[in-house]
Every structure is written in C-alpha cells, then in structure tokens.
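J.: Contents of upload_2.txt (compact mmCIF, C-alpha atoms):
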```txt
# COMPACT_ATOMS: atom_id res chain seq x y z
CA MET C 1 90.33 70.12 135.14
CA GLY C 2 89.82 68.02 132.06
CA VAL C 3 92.41 65.44 131.09
CA PRO C 4 93.39 66.02 127.42
CA GLY C 5 92.89 63.23 124.98
CA PRO C 6 90.20 62.02 122.62
CA CYS C 7 87.21 60.07 123.83
CA PRO C 8 86.50 56.88 121.94
CA GLY C 9 83.30 56.74 119.95
CA SER C 10 83.27 60.45 119.11
CA THR C 11 83.90 60.02 115.39
CA GLY C 12 82.76 63.04 113.36
CA ARG C 13 83.12 65.42 116.35
CA HIS C 14 86.01 67.24 117.91
CA PRO C 15 87.65 65.18 120.66
CA ALA C 16 85.97 65.87 124.02
CA PRO C 17 88.26 66.61 126.97
CA VAL C 18 88.41 63.96 129.64
CA LEU C 19 86.84 65.28 132.81
CA ASP C 20 88.21 64.77 136.30
CA ARG C 21 86.06 63.50 139.18
CA GLU C 22 84.95 66.90 140.41
CA GLU C 23 84.00 68.04 136.94
CA VAL C 24 82.02 64.86 136.41
CA ASP C 25 80.16 65.38 139.69
CA ARG C 26 79.37 69.00 138.85
CA ALA C 27 78.14 68.06 135.37
CA LEU C 28 75.93 65.31 136.79
CA ALA C 29 74.46 67.71 139.34
CA ARG C 30 73.72 70.29 136.66
CA LEU C 31 72.19 67.73 134.30
CA GLY C 32 70.16 66.29 137.17
CA ALA C 33 68.68 69.73 137.91
CA GLU C 34 67.90 70.12 134.21
CA TYR C 35 66.22 66.72 134.29
CA GLU C 36 64.00 67.69 137.22
CA ALA C 37 62.97 70.96 135.54
CA ILE C 38 62.25 69.28 132.21
CA GLU C 39 60.25 66.48 133.81
CA THR C 40 58.15 68.96 135.80
CA SER C 41 57.48 71.06 132.68
CA LEU C 42 56.55 68.06 130.53
CA LEU C 43 54.16 66.70 133.16
CA ALA C 44 52.56 70.15 133.47
CA LEU C 45 52.25 70.30 129.69
CA GLN C 46 50.67 66.85 129.69
CA ASP C 47 48.08 67.93 132.26
CA HIS C 48 47.44 71.42 130.82
CA ALA C 49 43.71 72.12 130.44
CA GLY C 50 44.29 73.71 127.06
CA ARG C 51 46.00 70.57 125.79
CA ARG C 52 43.08 68.38 126.88
CA LEU C 53 40.65 70.75 125.17
CA LEU C 54 42.67 70.70 121.96
CA GLU C 55 42.79 66.91 121.98
CA GLY C 56 39.02 66.63 122.28
CA ALA C 57 37.97 69.50 120.02
CA ASP C 58 36.78 69.34 116.43
CA LEU C 59 39.35 71.78 115.08
CA SER C 60 39.63 73.56 111.76
CA GLY C 61 41.78 76.08 109.91
CA THR C 62 44.95 77.41 111.48
CA THR C 63 44.42 75.68 114.80
CA LYS C 64 43.96 72.26 113.17
CA GLU C 65 47.21 72.65 111.23
CA ARG C 66 49.27 73.95 114.13
CA TRP C 67 47.89 71.43 116.61
CA ALA C 68 48.77 68.54 114.29
CA VAL C 69 52.36 69.81 114.24
CA THR C 70 52.32 70.41 118.00
CA GLU C 71 51.13 66.86 118.73
CA ARG C 72 54.05 65.47 116.75
CA SER C 73 56.36 67.86 118.58
CA ILE C 74 55.10 66.62 121.94
CA THR C 75 55.73 63.03 120.83
CA VAL C 76 59.28 63.98 119.85
CA LEU C 77 59.66 65.84 123.15
CA TRP C 78 58.98 62.69 125.16
CA SER C 79 61.25 60.67 122.88
CA HIS C 80 64.08 63.16 123.45
CA PHE C 81 63.37 63.19 127.16
CA ASP C 82 63.57 59.39 127.25
CA THR C 83 66.92 59.57 125.47
CA TYR C 84 68.11 62.22 127.91
CA THR C 85 66.87 60.13 130.87
CA ALA C 86 68.64 57.00 129.64
CA ALA C 87 71.93 58.85 129.12
CA LEU C 88 71.73 60.49 132.55
CA GLU C 89 70.91 57.19 134.28
CA SER C 90 73.79 55.47 132.49
CA ALA C 91 76.18 58.20 133.62
CA ARG C 92 74.88 58.03 137.19
CA GLU C 93 75.22 54.21 137.29
CA LEU C 94 78.76 54.40 135.95
CA ARG C 95 79.68 57.08 138.49
CA ALA C 96 78.17 55.08 141.35
CA ARG C 97 80.45 52.05 140.75
CA ARG C 98 83.41 53.54 142.56
CA ARG C 99 83.96 56.39 144.91
CA TRP C 100 87.15 57.22 143.06
CA PRO C 101 86.57 56.50 139.36
CA SER C 102 89.38 54.95 137.34
CA PRO C 103 90.81 56.74 134.27
CA GLU C 104 88.78 54.39 132.07
CA ASP C 105 85.63 55.38 134.00
CA LEU C 106 86.43 59.07 133.54
CA VAL C 107 86.93 58.57 129.79
CA GLU C 108 83.58 56.77 129.52
CA LEU C 109 81.81 59.36 131.70
CA SER C 110 83.27 62.20 129.63
CA GLU C 111 81.99 60.56 126.48
CA LEU C 112 78.51 60.15 127.99
CA LEU C 113 78.40 63.72 129.29
CA HIS C 114 80.07 65.57 126.43
CA GLY C 115 80.51 63.16 123.59
CA GLY C 116 76.81 63.13 122.70
CA VAL C 117 73.85 60.81 122.20
CA THR C 118 71.94 59.73 119.11
CA VAL C 119 68.37 61.00 118.86
CA THR C 120 65.62 60.23 116.38
CA GLY C 121 63.25 62.92 115.05
CA GLU C 122 60.35 63.35 112.66
CA ALA C 123 60.59 65.23 109.40
CA GLY C 124 56.99 66.38 109.79
CA VAL C 125 57.66 68.48 112.89
CA ALA C 126 57.55 72.12 111.78
CA ALA C 127 60.29 74.44 112.92
CA GLU C 128 58.55 77.76 113.45
CA ASP C 129 61.63 79.48 114.73
CA GLY C 130 64.25 77.55 112.80
CA GLY C 131 64.95 76.80 109.18
CA PRO C 132 63.73 73.84 107.13
CA ASP C 133 66.85 71.88 108.07
CA GLY C 134 66.16 72.12 111.79
CA GLY C 135 68.94 72.75 114.28
CA PRO C 136 69.04 73.40 117.99
CA GLU C 137 66.28 76.02 117.71
CA GLY C 138 64.38 74.52 114.84
CA GLY C 139 63.51 71.00 115.95
CA PRO C 140 64.91 67.66 114.84
CA ALA C 141 66.41 67.52 111.39
CA GLY C 142 66.18 63.80 110.82
CA PRO C 143 66.83 60.31 112.22
CA GLY C 144 70.16 59.37 113.77
CA GLU C 145 71.24 62.88 114.74
CA ARG C 146 74.10 63.15 117.23
CA LEU C 147 73.70 65.71 120.04
CA THR C 148 75.47 66.46 123.28
CA LEU C 149 73.30 66.42 126.37
CA GLU C 150 73.45 70.27 126.50
CA GLU C 151 72.32 70.44 122.88
CA LEU C 152 69.59 67.92 123.62
CA VAL C 153 68.34 70.09 126.51
CA ALA C 154 68.27 73.14 124.22
CA ARG C 155 66.34 71.09 121.63
CA ILE C 156 63.83 69.97 124.26
CA ASN C 157 63.40 73.51 125.56
CA GLY C 158 62.76 74.85 122.06
CA LEU C 159 60.15 72.20 121.24
CA TYR C 160 58.52 72.68 124.64
CA ALA C 161 58.29 76.47 124.26
CA ARG C 162 56.67 76.24 120.81
CA SER C 163 54.24 73.53 121.93
CA LEU C 164 53.30 75.47 125.05
CA ASP C 165 52.82 78.63 122.97
CA VAL C 166 50.16 76.92 120.84
CA ILE C 167 48.41 75.43 123.88
CA VAL C 168 48.48 78.63 125.93
CA ALA C 169 47.25 80.79 123.03
CA ALA C 170 44.33 78.46 122.27
CA ASP C 171 43.45 78.19 125.96
CA ALA C 172 43.58 81.98 126.37
CA VAL C 173 41.16 82.51 123.47
CA TRP C 174 38.81 79.80 124.74
CA SER C 175 38.94 81.26 128.24
CA ALA C 176 38.18 84.79 127.08
CA LEU C 177 35.95 84.89 124.04
CA PRO C 178 33.28 82.15 124.38
CA ALA C 179 32.31 83.31 127.88
CA ARG C 180 32.07 86.92 126.74
CA ILE C 181 30.09 85.89 123.67
CA ASP C 182 27.70 83.91 125.87
CA LEU C 183 27.16 86.90 128.15
CA LEU C 184 26.53 89.13 125.16
CA SER C 185 24.15 86.54 123.72
CA ALA C 186 22.20 86.52 126.99
CA GLU C 187 21.96 90.31 126.82
CA LEU C 188 20.89 89.97 123.21
CA ARG C 189 18.07 87.59 124.15
CA ARG C 190 16.80 90.04 126.78
CA THR C 191 16.96 92.87 124.27
CA ARG C 192 15.09 90.80 121.66
CA SER C 193 12.35 90.02 124.17
CA LEU C 194 12.02 93.69 125.06
CA ALA C 195 12.05 94.64 121.39
CA HIS C 196 9.22 92.24 120.58
CA SER C 197 7.15 93.70 123.44
CA VAL C 198 7.22 97.12 121.79
CA GLY C 199 6.74 95.86 118.23
CA VAL C 200 10.37 96.04 117.09
CA ARG C 201 10.55 92.99 114.82
CA PRO C 202 12.61 91.99 111.78
CA GLY C 203 11.13 93.34 108.58
CA GLU C 204 9.10 95.94 110.46
CA HIS C 205 11.77 98.06 112.11
CA PRO C 206 15.48 98.61 111.32
CA ALA C 207 16.42 97.78 114.91
CA GLY C 208 14.72 94.38 114.52
CA ASP C 209 16.83 93.68 111.43
CA ASP C 210 19.94 94.74 113.35
CA LEU C 211 19.12 92.29 116.13
CA GLU C 212 18.87 89.46 113.59
CA ARG C 213 22.24 90.38 112.12
CA ILE C 214 23.87 90.54 115.57
CA THR C 215 22.35 87.16 116.49
CA ASP C 216 23.75 85.54 113.34
CA GLU C 217 27.15 87.17 113.84
CA LEU C 218 27.47 85.98 117.44
CA ALA C 219 26.49 82.43 116.46
CA ARG C 220 29.07 82.38 113.65
CA LEU C 221 31.72 84.00 115.86
CA ARG C 222 31.26 81.47 118.67
CA GLY C 223 31.45 78.52 116.29
CA GLN C 224 34.63 79.86 114.69
CA VAL C 225 36.25 80.62 118.04
CA ILE C 226 35.56 77.08 119.31
CA ALA C 227 36.83 75.42 116.12
CA ASP C 228 39.77 77.70 115.31
CA PRO C 229 40.89 79.66 118.40
CA LEU C 230 44.33 80.47 116.99
CA ALA C 231 42.66 82.47 114.21
CA PHE C 232 41.63 84.87 116.98
CA TRP C 233 45.06 85.26 118.54
CA VAL C 234 47.17 88.39 118.08
CA SER C 235 50.85 87.85 118.84
CA SER C 236 52.61 90.32 121.06
CA SER C 237 53.84 93.41 119.21
CA THR C 238 56.82 93.67 121.60
CA GLY C 239 58.45 90.64 120.04
CA SER C 240 58.37 88.66 123.29
CA SER C 241 59.35 85.02 122.85
CA ALA C 242 57.55 83.90 126.03
CA PRO C 243 54.86 81.24 125.43
CA GLY C 244 51.45 82.83 125.09
CA GLY C 245 52.85 86.27 124.33
CA GLY C 246 49.85 88.06 122.83
CA ARG C 247 46.13 88.58 123.37
CA PRO C 248 42.77 87.37 122.02
CA ASP C 249 41.47 89.28 119.00
CA THR C 250 38.14 90.84 120.12
CA VAL C 251 37.50 93.12 117.12
CA ARG C 252 34.40 91.27 115.90
CA TYR C 253 33.07 90.80 119.41
CA ASP C 254 33.54 94.48 120.21
CA ARG C 255 31.79 95.48 116.99
CA ALA C 256 28.80 93.27 117.84
CA ALA C 257 28.70 94.66 121.39
CA ARG C 258 28.64 98.24 120.08
CA ALA C 259 25.87 97.39 117.61
CA LEU C 260 23.79 95.78 120.37
CA GLU C 261 24.27 98.82 122.59
CA GLY C 262 23.01 101.07 119.79
CA VAL C 263 19.91 98.89 119.33
CA ARG C 264 19.30 98.86 123.07
CA ARG C 265 19.38 102.66 123.22
CA GLU C 266 16.92 102.82 120.33
CA ILE C 267 14.55 100.41 122.06
CA GLU C 268 14.79 102.41 125.28
CA ALA C 269 13.73 105.45 123.28
CA VAL C 270 10.73 103.47 122.01
CA LEU C 271 9.91 102.51 125.61
CA ASP C 272 10.06 106.16 126.61
CA VAL C 273 7.59 106.89 123.82
CA ARG C 274 5.23 104.23 125.16
CA GLN C 275 5.30 105.82 128.61
CA ASP C 276 4.94 109.43 127.47
CA ALA C 277 2.90 108.99 124.29
CA GLU C 278 -0.38 110.46 125.60
CA ARG C 279 1.33 113.47 127.17
CA ARG C 280 3.29 114.20 123.99
CA LEU C 281 0.19 113.80 121.82
CA MET C 282 -1.68 116.28 124.05
CA GLN C 283 1.20 118.74 123.79
CA LEU C 284 1.19 118.37 120.02
CA ARG C 285 -2.55 119.07 119.86
CA ASP C 286 -2.06 122.12 122.07
CA VAL C 287 0.74 123.53 119.91
CA LEU C 288 -1.23 122.98 116.70
CA SER C 289 -4.33 124.51 118.32
CA ARG C 290 -2.34 127.62 119.27
CA ALA C 291 -1.00 127.82 115.74
CA ASP C 292 -4.55 127.60 114.35
CA ARG C 293 -5.81 130.30 116.72
CA THR C 294 -2.93 132.53 115.75
CA LEU C 295 -3.66 132.01 112.05
CA THR C 296 -7.34 132.75 112.68
CA GLU C 297 -6.36 135.94 114.47
CA ALA C 298 -4.07 136.82 111.58
CA ARG C 299 -6.87 136.32 109.05
CA GLN C 300 -9.22 138.52 111.10
CA ALA C 301 -6.51 141.14 111.48
CA ARG C 302 -5.92 141.08 107.74
CA GLY C 303 -9.58 141.89 107.11
CA GLU C 304 -9.35 144.74 109.61
CA VAL C 305 -6.18 146.07 108.01
CA LEU C 306 -7.67 145.95 104.53
CA ALA C 307 -10.69 147.86 105.82
CA LYS C 308 -8.81 150.49 107.85
CA ILE C 309 -5.51 150.97 106.02
CA ALA C 310 -5.30 152.20 102.45
CA ALA C 311 -2.44 151.86 99.97
CA SER C 312 -0.72 149.14 102.01
CA GLU C 313 0.44 145.66 100.94
CA VAL C 314 -0.98 143.07 103.33
CA PRO C 315 0.37 139.49 102.97
CA ALA C 316 -2.10 136.62 102.57
CA VAL C 317 -2.64 134.24 105.50
CA SER C 318 -2.56 130.50 104.84
CA GLY C 319 -4.85 128.00 106.49
CA PRO C 320 -3.89 125.28 108.98
CA SER C 321 -1.58 122.50 107.79
CA THR C 322 -3.71 119.57 106.68
CA ALA C 323 -0.68 117.31 106.43
CA LEU C 324 0.21 117.89 110.08
CA TYR C 325 -3.28 116.95 111.23
CA GLU C 326 -3.17 113.81 109.10
CA GLN C 327 0.13 112.83 110.69
CA LEU C 328 -1.27 113.59 114.13
CA ALA C 329 -4.21 111.29 113.41
CA ALA C 330 -1.77 108.58 112.27
CA ALA C 331 0.21 109.02 115.51
CA ALA C 332 -2.94 108.60 117.59
CA ASP C 333 -3.77 105.46 115.59
CA TYR C 334 -0.28 104.04 116.24
CA ARG C 335 -0.80 104.63 119.94
CA ARG C 336 -4.15 102.84 119.93
CA ARG C 337 -2.58 99.87 118.16
CA ALA C 338 0.52 99.91 120.43
CA GLN C 339 2.79 100.33 117.41
CA TRP C 340 5.40 102.15 119.49
CA HIS C 341 8.23 101.56 117.05
CA ARG C 342 6.29 103.50 114.39
CA LEU C 343 5.07 106.14 116.83
CA SER C 344 8.57 107.00 118.11
CA PRO C 345 10.04 108.57 114.92
CA LEU C 346 6.68 110.11 113.95
CA LEU C 347 6.34 111.95 117.27
CA GLU C 348 9.85 113.36 117.01
CA SER C 349 9.12 114.67 113.51
CA LEU C 350 5.70 116.02 114.49
CA GLU C 351 7.04 117.90 117.51
CA GLU C 352 9.56 119.71 115.35
CA GLN C 353 7.03 120.48 112.61
CA ALA C 354 4.42 121.70 115.11
CA GLU C 355 6.86 124.19 116.63
CA ASP C 356 7.71 125.41 113.12
CA GLU C 357 4.00 125.79 112.36
CA LEU C 358 3.41 127.89 115.49
CA HIS C 359 6.40 130.05 114.65
CA ARG C 360 5.11 130.53 111.10
CA ALA C 361 1.65 131.52 112.39
CA ARG C 362 3.15 134.10 114.74
CA GLU C 363 5.28 135.56 111.97
CA SER C 364 2.19 135.75 109.75
CA LEU C 365 0.26 137.64 112.45
CA THR C 366 3.13 140.05 112.93
CA ALA C 367 3.42 140.69 109.20
CA VAL C 368 -0.35 141.24 108.79
CA THR C 369 -0.72 143.62 111.74
CA ALA C 370 2.37 145.66 110.87
CA PRO C 371 0.30 148.52 109.25
CA LEU C 372 -1.89 148.76 112.36
CA ALA C 373 1.25 148.95 114.48
CA VAL C 374 2.56 151.78 112.29
CA ARG C 375 -0.75 153.64 112.62
CA ALA C 376 -0.71 153.18 116.39
CA GLU C 377 2.85 154.48 116.54
CA LEU C 378 1.87 157.58 114.51
CA ARG C 379 -1.13 158.20 116.77
CA GLY C 380 1.03 157.95 119.84
CA ARG C 381 3.60 160.33 118.40
CA LEU C 382 0.90 162.88 117.48
CA ASP C 383 -0.63 162.81 120.96
CA ALA C 384 2.79 163.06 122.59
CA TYR C 385 3.62 166.25 120.68
CA LYS C 386 0.18 167.70 121.44
CA ALA C 387 0.78 167.11 125.17
CA LYS C 388 4.20 168.72 124.92
CA VAL C 389 2.77 171.81 123.19
CA ALA C 390 0.04 172.07 125.85
CA ARG C 391 2.64 172.00 128.65
CA HIS C 392 4.30 175.03 127.11
CA GLY C 393 0.99 176.91 126.88
CA MET C 394 0.81 176.88 123.10
CA ALA C 395 -2.22 174.64 122.64
CA GLY C 396 -4.20 177.50 121.10
CA ASP C 397 -1.70 178.29 118.37
CA PRO C 398 -3.78 178.43 115.12
CA LEU C 399 -1.13 176.75 112.93
CA LEU C 400 -0.59 173.96 115.37
CA LEU C 401 -4.33 173.42 115.76
CA GLU C 402 -4.78 173.26 112.01
CA ARG C 403 -1.98 170.77 111.45
CA TYR C 404 -3.02 168.64 114.42
CA ASP C 405 -6.60 168.40 113.18
CA ALA C 406 -5.39 167.46 109.69
CA ALA C 407 -3.15 164.71 110.99
CA ARG C 408 -5.80 163.42 113.41
CA ARG C 409 -8.49 163.21 110.69
CA MET C 410 -6.15 161.11 108.57
CA LEU C 411 -5.13 158.75 111.41
CA TRP C 412 -8.65 158.27 112.79
CA SER C 413 -10.39 157.87 109.46
CA ALA C 414 -10.87 154.67 107.49
CA PRO C 415 -9.28 153.72 105.28
CA CYS C 416 -6.13 155.46 106.49
CA ASP C 417 -3.40 156.27 104.03
CA LEU C 418 -0.32 155.70 106.15
CA ARG C 419 2.06 157.52 103.85
CA VAL C 420 -0.09 160.68 103.79
CA ALA C 421 -0.79 160.42 107.53
CA GLU C 422 2.91 160.09 108.28
CA GLN C 423 3.58 163.29 106.30
CA ALA C 424 0.83 165.11 108.23
CA VAL C 425 2.29 163.99 111.58
CA TRP C 426 5.73 165.08 110.44
CA ARG C 427 4.43 168.53 109.47
CA TYR C 428 2.77 168.89 112.91
CA GLN C 429 6.02 167.87 114.61
CA GLN C 430 7.95 170.41 112.56
CA ALA C 431 5.52 173.22 113.34
CA ALA C 432 5.58 172.34 117.04
CA ALA C 433 9.36 172.30 117.07
CA GLU C 434 9.58 175.71 115.36
CA ALA C 435 7.03 177.14 117.80
CA LEU C 436 8.85 175.78 120.85
CA VAL C 437 12.32 177.03 119.89
CA PRO C 438 11.62 180.82 120.29
CA GLU C 439 9.63 180.15 123.46
CA GLN C 440 12.54 178.21 124.98
CA GLY C 441 14.95 180.94 123.93
CA ASP C 442 12.85 183.55 125.73
CA ARG C 443 13.04 181.48 128.93
CA GLN C 444 16.79 181.39 128.74
CA HIS C 445 17.07 185.24 128.20
CA PRO C 446 14.10 186.92 129.98
CA ASP C 447 15.86 190.38 129.97
CA ARG C 448 15.64 190.45 126.17
CA ARG C 449 11.80 190.57 126.31
CA GLY C 450 12.05 193.58 128.57
CA ASP C 451 14.43 195.34 126.25
CA ALA C 452 12.19 194.64 123.34
```
Write the structure described by the file as structure tokens, please.

T.:
Amino acid sequence: MGVPGPCPGSTGRHPAPVLDREEVDRALARLGAEYEAIETSLLALQDHAGRRLLEGADLSGTTKERWAVTERSITVLWSHFDTYTAALESARELRARRRWPSPEDLVELSELLHGGVTVTGEAGVAAEDGGPDGGPEGGPAGPGERLTLEELVARINGLYARSLDVIVAADAVWSALPARIDLLSAELRRTRSLAHSVGVRPGEHPAGDDLERITDELARLRGQVIADPLAFWVSSSTGSSAPGGGRPDTVRYDRAARALEGVRREIEAVLDVRQDAERRLMQLRDVLSRADRTLTEARQARGEVLAKIAASEVPAVSGPSTALYEQLAAAADYRRRAQWHRLSPLLESLEEQAEDELHRARESLTAVTAPLAVRAELRGRLDAYKAKVARHGMAGDPLLLERYDAARRMLWSAPCDLRVAEQAVWRYQQAAAEALVPEQGDRQHPDRRGDA
C-alpha cells in the first residue's frame, strides 16, 4: 500500500502517494520491462531497411515533408528514451542502497516513479494524431514539460508508432512498385522489339504510338515512386491504427499493364497475319473469282431470259467490284514489302467485303433467273397433269388435248409470255380436274352406270 503524504518536488501536480517496498519493487519491474521493449523497438527502428533508404534517398513531395518531421520525431524519441533511462537507473540505484529502504528512500523513490520527470521537445515535430498543442498522443508540446514515467512511455510509444508508420509505408511501396514496374518495363522492351520486327512503329501504327506512351508513363511512374513513395500509399479503410496499415496504390501501374496487354494482343494478331498472309490472300482471290463467275453467269442468264421470256422485268447485272481488286492488289503489295501492320486490318476488311460480294452475285443470279424458274415450274406442272390424265385413260379427250397443246405452245415458244402461259396451264388444270371428277365418281358407284 502507499503511504499517504505529499512527495517533495511535485509542485504543480497532485501529491503522489508514498509507495511501500513491495509497490516500489513491482513498479521497477514493470518499468524495466517497458524499458526492454522500448529499447528493442528503437534499435529495430534504427536498423530498419526502410529508414536507411529514406535517409539516402532524394525525396520530394509528401514523402520529403513527412520524413523531415519523422526524423525530428526519432531524435525526440531517443531524447525521451535517454530521460526515461536516466530516471529508471536513478530509481534502481536508490533502491539498491538498502534491502529495506528507509521512509526517506521510499519518499524519494515514489517521487522518481510517480512524481514525474522533465522532458524537452521540439515545436517542429508534427502531431498527426494529436492537436497543435501536443499531449500524450500528439507529441511534445514544448521545452521543460513535466511527465510521469507512465506518461513518458505513452509519449514514446505514440512517437514510435507514427515514425514506424511512415517508414513501413515507404518501404512497402518501394518493395512492391519499382520491382513490378521493372518487370513490366522488361515485358515492354520485348514487345517493342517484336513490334519493330513486324513494322509496328511510332507514327506508322497506333500500337506503336501506344508503346511510346506506355514507355513514357512507366519511366515517369518509376521516378515518382522512388522520389515520393508516400504519394502512392493508400491508408487502410478499416481505420486500423497499426503502423503500415494500408496498401500501395497500383492504379497507374495497372492501367499501364492493361494497355500493354492490349498492344501485345494486337501485335500477336499482326504476327498471325504474317504467318497466314499467303493463304488468306489465296482465299480472297478464290472468293472474288467465284463472285465474278457468278456475275458472268447472271449476265448470260439475263440475255437468255430477255430472249426467251416476254413481258418480264429482268434486273440489270453489275460488273465485278473494281475497288475490291484494287484493295487486293494493295494487300499483295503490303505482303511483298512485309508491311504486316498495314496488311492486318486490310485483310480483315477485304475478307468481309469479299463474302458480301459473293452473296450479292448469288442474289443477282437468283433474281435474273427467276422468270426461267417460273417457266420451268409451269412446264413441270403441265406435264404432271398430263401424266395424271393419261393414268385415268383420258389422254384422248379432245378438250384436254386442245388446252394442253395451247399451253405447251406458249411454254415452249420464245419469247414466252409467262402471264398468258400461266393462264393456259391453269385452264388445262381446270379442264383436267372437271374431267376427272365424274370418272372418279363412277368408280365409287359402279352400280349407277348399270342402272343408267
């Protein structure tokens, strides 16, 4: 238990209770453990790789400002630790004088352990978590401040946490981004070499311009990361107060990586063109040749239709596409000159246009030969009804013979008037149907013929 009574030298503070021997020993043990932990942490901070990098780097921007404050904080940290060490050593020396301390010793020990020590600080040390006047969480407020050893430990812990946060964040950015940027730059160099081999160069192909932009962006990004790593640090959104709570900001790096991947895919497409160019050019020539043959057939068919079919509208047939053949010649020239980056988009366009041209030629042939198809259908229908009449033994019917001959003359004469011929076929069908109905009725009721 503490012995009541004021401790001398504690002016301006509430009187500290006088501790008994056991309380003094427990307080010294606790403060000794704190001392060991603080010393270990400060030595680790002193040897931290991030701290050494910050000390030797040519910093700028946010990192330069925060590191200047952190360096002053580290200086204050060691000053506070020295004060704490001196107070603890004084208390230990006083306690070691006697196995059973006298009341005067207990009063002096209580003052050392609870009465407080005077610390000096620097006004320039920023208090990120505290107010402008400092405080236990905000760093030293000014010279000659009086703190208990517990308050001094809290002050040291606060300064240490904020200093370590700056060092850990900078080290995390330096450990993550420059290495990734270097790997991406190596991939970029390989892609540039491949691009040059297929003629993809700045000013000649959009992908070449993209590669230049990515190269400049990665160079700028690396320089900025090295000089100002804290500008690329995103604090933890969970509100964690642990040092280094956050992650490196990789937005610009990720954007450059995506852009490079897009360029690489485009160059791979150009490489595919280089490997398959001759085959694709041969296929294009074949498709255009088929389209030309189809158009030639359509023109010949149109002449036949005009000669054989009367009173029918026959659409005109266009000639082969001159523009397509000019583009095909340009594609062949690109291949000869190994201009694969120009050949790639041209082949894709030509393949689509050639298929459209073949489709158009086929539609033209179908439209031109439609009257001949109608005539063929009418001829087939006429012959089918003639065969049906013959099966029923009515081939010699005078009316049917007359109408069949009329329809046949119209369908097998040139020019053939399809509208008149269709009417003639219809009249033959009608006559055949009327002739077959009574005959079928007689088959169904043979006793009626007998009665008649």

J.: Quick one: residues within 9 Å of (39.4, 82.8, 123.0) (file frame), counting all atoms listed in the file, please, as a list in words.

T.: Ala169, Ala170, Asp171, Ala172, Val173, Trp174, Ser175, Ala176, Leu177, Pro178, Ala179, Val225, Ile226, Pro229, Leu230, Phe232, Trp233, Arg247, Pro248, Asp249 and Thr250 of chain C

J.: For CA of Asp272 in chain C and CA of Glu351 in chain C, determine how far apart the two atoms are, in Å to one decimal place.

T.: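 The value is 15.2 Å.
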
J.: Report as a PDB file with C-alpha atoms, keeping the file's coordinate frame all protein, DNA and RNA residues lying within 10 Å of Gly393 in chain C, evaluated on all atoms listed in the file, omitting residues in the same chain fewer than 4 positions from it.

T.:
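File part01.pdb, as written:
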```
ATOM      1  CA  ALA C 387       0.780 167.110 125.170  1.00  0.00           C
ATOM      2  CA  LYS C 388       4.200 168.720 124.920  1.00  0.00           C
ATOM      3  CA  VAL C 389       2.770 171.810 123.190  1.00  0.00           C
ATOM      4  CA  ASP C 397      -1.700 178.290 118.370  1.00  0.00           C
ATOM      5  CA  LEU C 436       8.850 175.780 120.850  1.00  0.00           C
ATOM      6  CA  GLU C 439       9.630 180.150 123.460  1.00  0.00           C
TER       7      GLU C 439
END
```

J.: My list of candidates is C:Gln224, C:Asn157, C:Ser163, C:Gln300. Which is closest to Glu39 in chain C when distances are computed with all atoms listed in the file?

T.: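 Under the stated criterion, the closest residue is C:Asn157.
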
J.: Tell me, in Å to one decimal, how far CA of Val153 in chain C is from CA of Asp82 in chain C.

T.: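 A separation of 11.7 Å between them.
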
J.: Determine the nearest neighbour of Ser364 in chain C from the options C:Gly56, C:Pro315, C:Pro345, C:Pro202, counting all atoms listed in the file.

T.: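 Of C:Gly56, C:Pro315, C:Pro345, C:Pro202, the one nearest Ser364 in chain C is C:Pro315, counting all atoms listed in the file.
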
J.: When you look at His205 in chain C with a cut-off of 10 Å (counting all atoms listed in the file), what residues show up, excluding the ones that are within fewer than 4 positions of it in the same chain? I need them as a list in words.

T.: Ala195, Gly199, Val200, Arg201, Asp209, Asp210, His341 and Arg342 of chain C

J.: Restricting the calculation to only C-alpha atoms, which member of C:His48, C:His80, C:Arg274, C:Arg97 is positioned closest to Val119 in chain C?

T.: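 Smallest distance to Val119 in chain C is found for C:His80.
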
J.: What is the CA of Ala361 in chain C to CA of Gln283 in chain C distance in Å?

T.: 17.1 Å

J.: Using only C-alpha atoms, find the one residue out of C:Trp78, C:Trp340, C:Trp67, C:Tyr253 that sits nearest to Val166 in chain C.

T.: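 Of the candidates, the smallest distance to Val166 in chain C is held by C:Trp67.
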
J.: Measuring between all atoms listed in the file, which one of C:Ala219, C:Ala431, C:Val270, C:Ile309 shows the shortest distance to Pro371 in chain C?

T.: C:Ile309

J.: What's the 12 Å shell around Arg213 in chain C, counting all atoms listed in the file, without same-chain residues fewer than 2 positions away, as a PyMOL selection string?

T.: chain C and resi 188+192+202+206-211+215-220+255-256+259-260+263

J.: Which residue out of C:Glu150, C:Glu348, C:Asp383, C:Glu377 has the minimum interatomic distance to Ala269 in chain C when all atoms listed in the file are used?

T.: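 Nearest to Ala269 in chain C: C:Glu348.
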
J.: Which polymer residues, protein or nucleic acid, are no farther than 9 Å from (-2.1, 140.7, 109.5), counting only C-alpha atoms, as a list in words?

T.: Glu297, Ala298, Arg299, Gln300, Ala301, Arg302, Gly303, Glu304, Val305, Val314, Pro315, Ala316, Val317, Ser364, Leu365, Thr366, Ala367, Val368, Thr369, Ala370, Pro371 and Leu372 of chain C
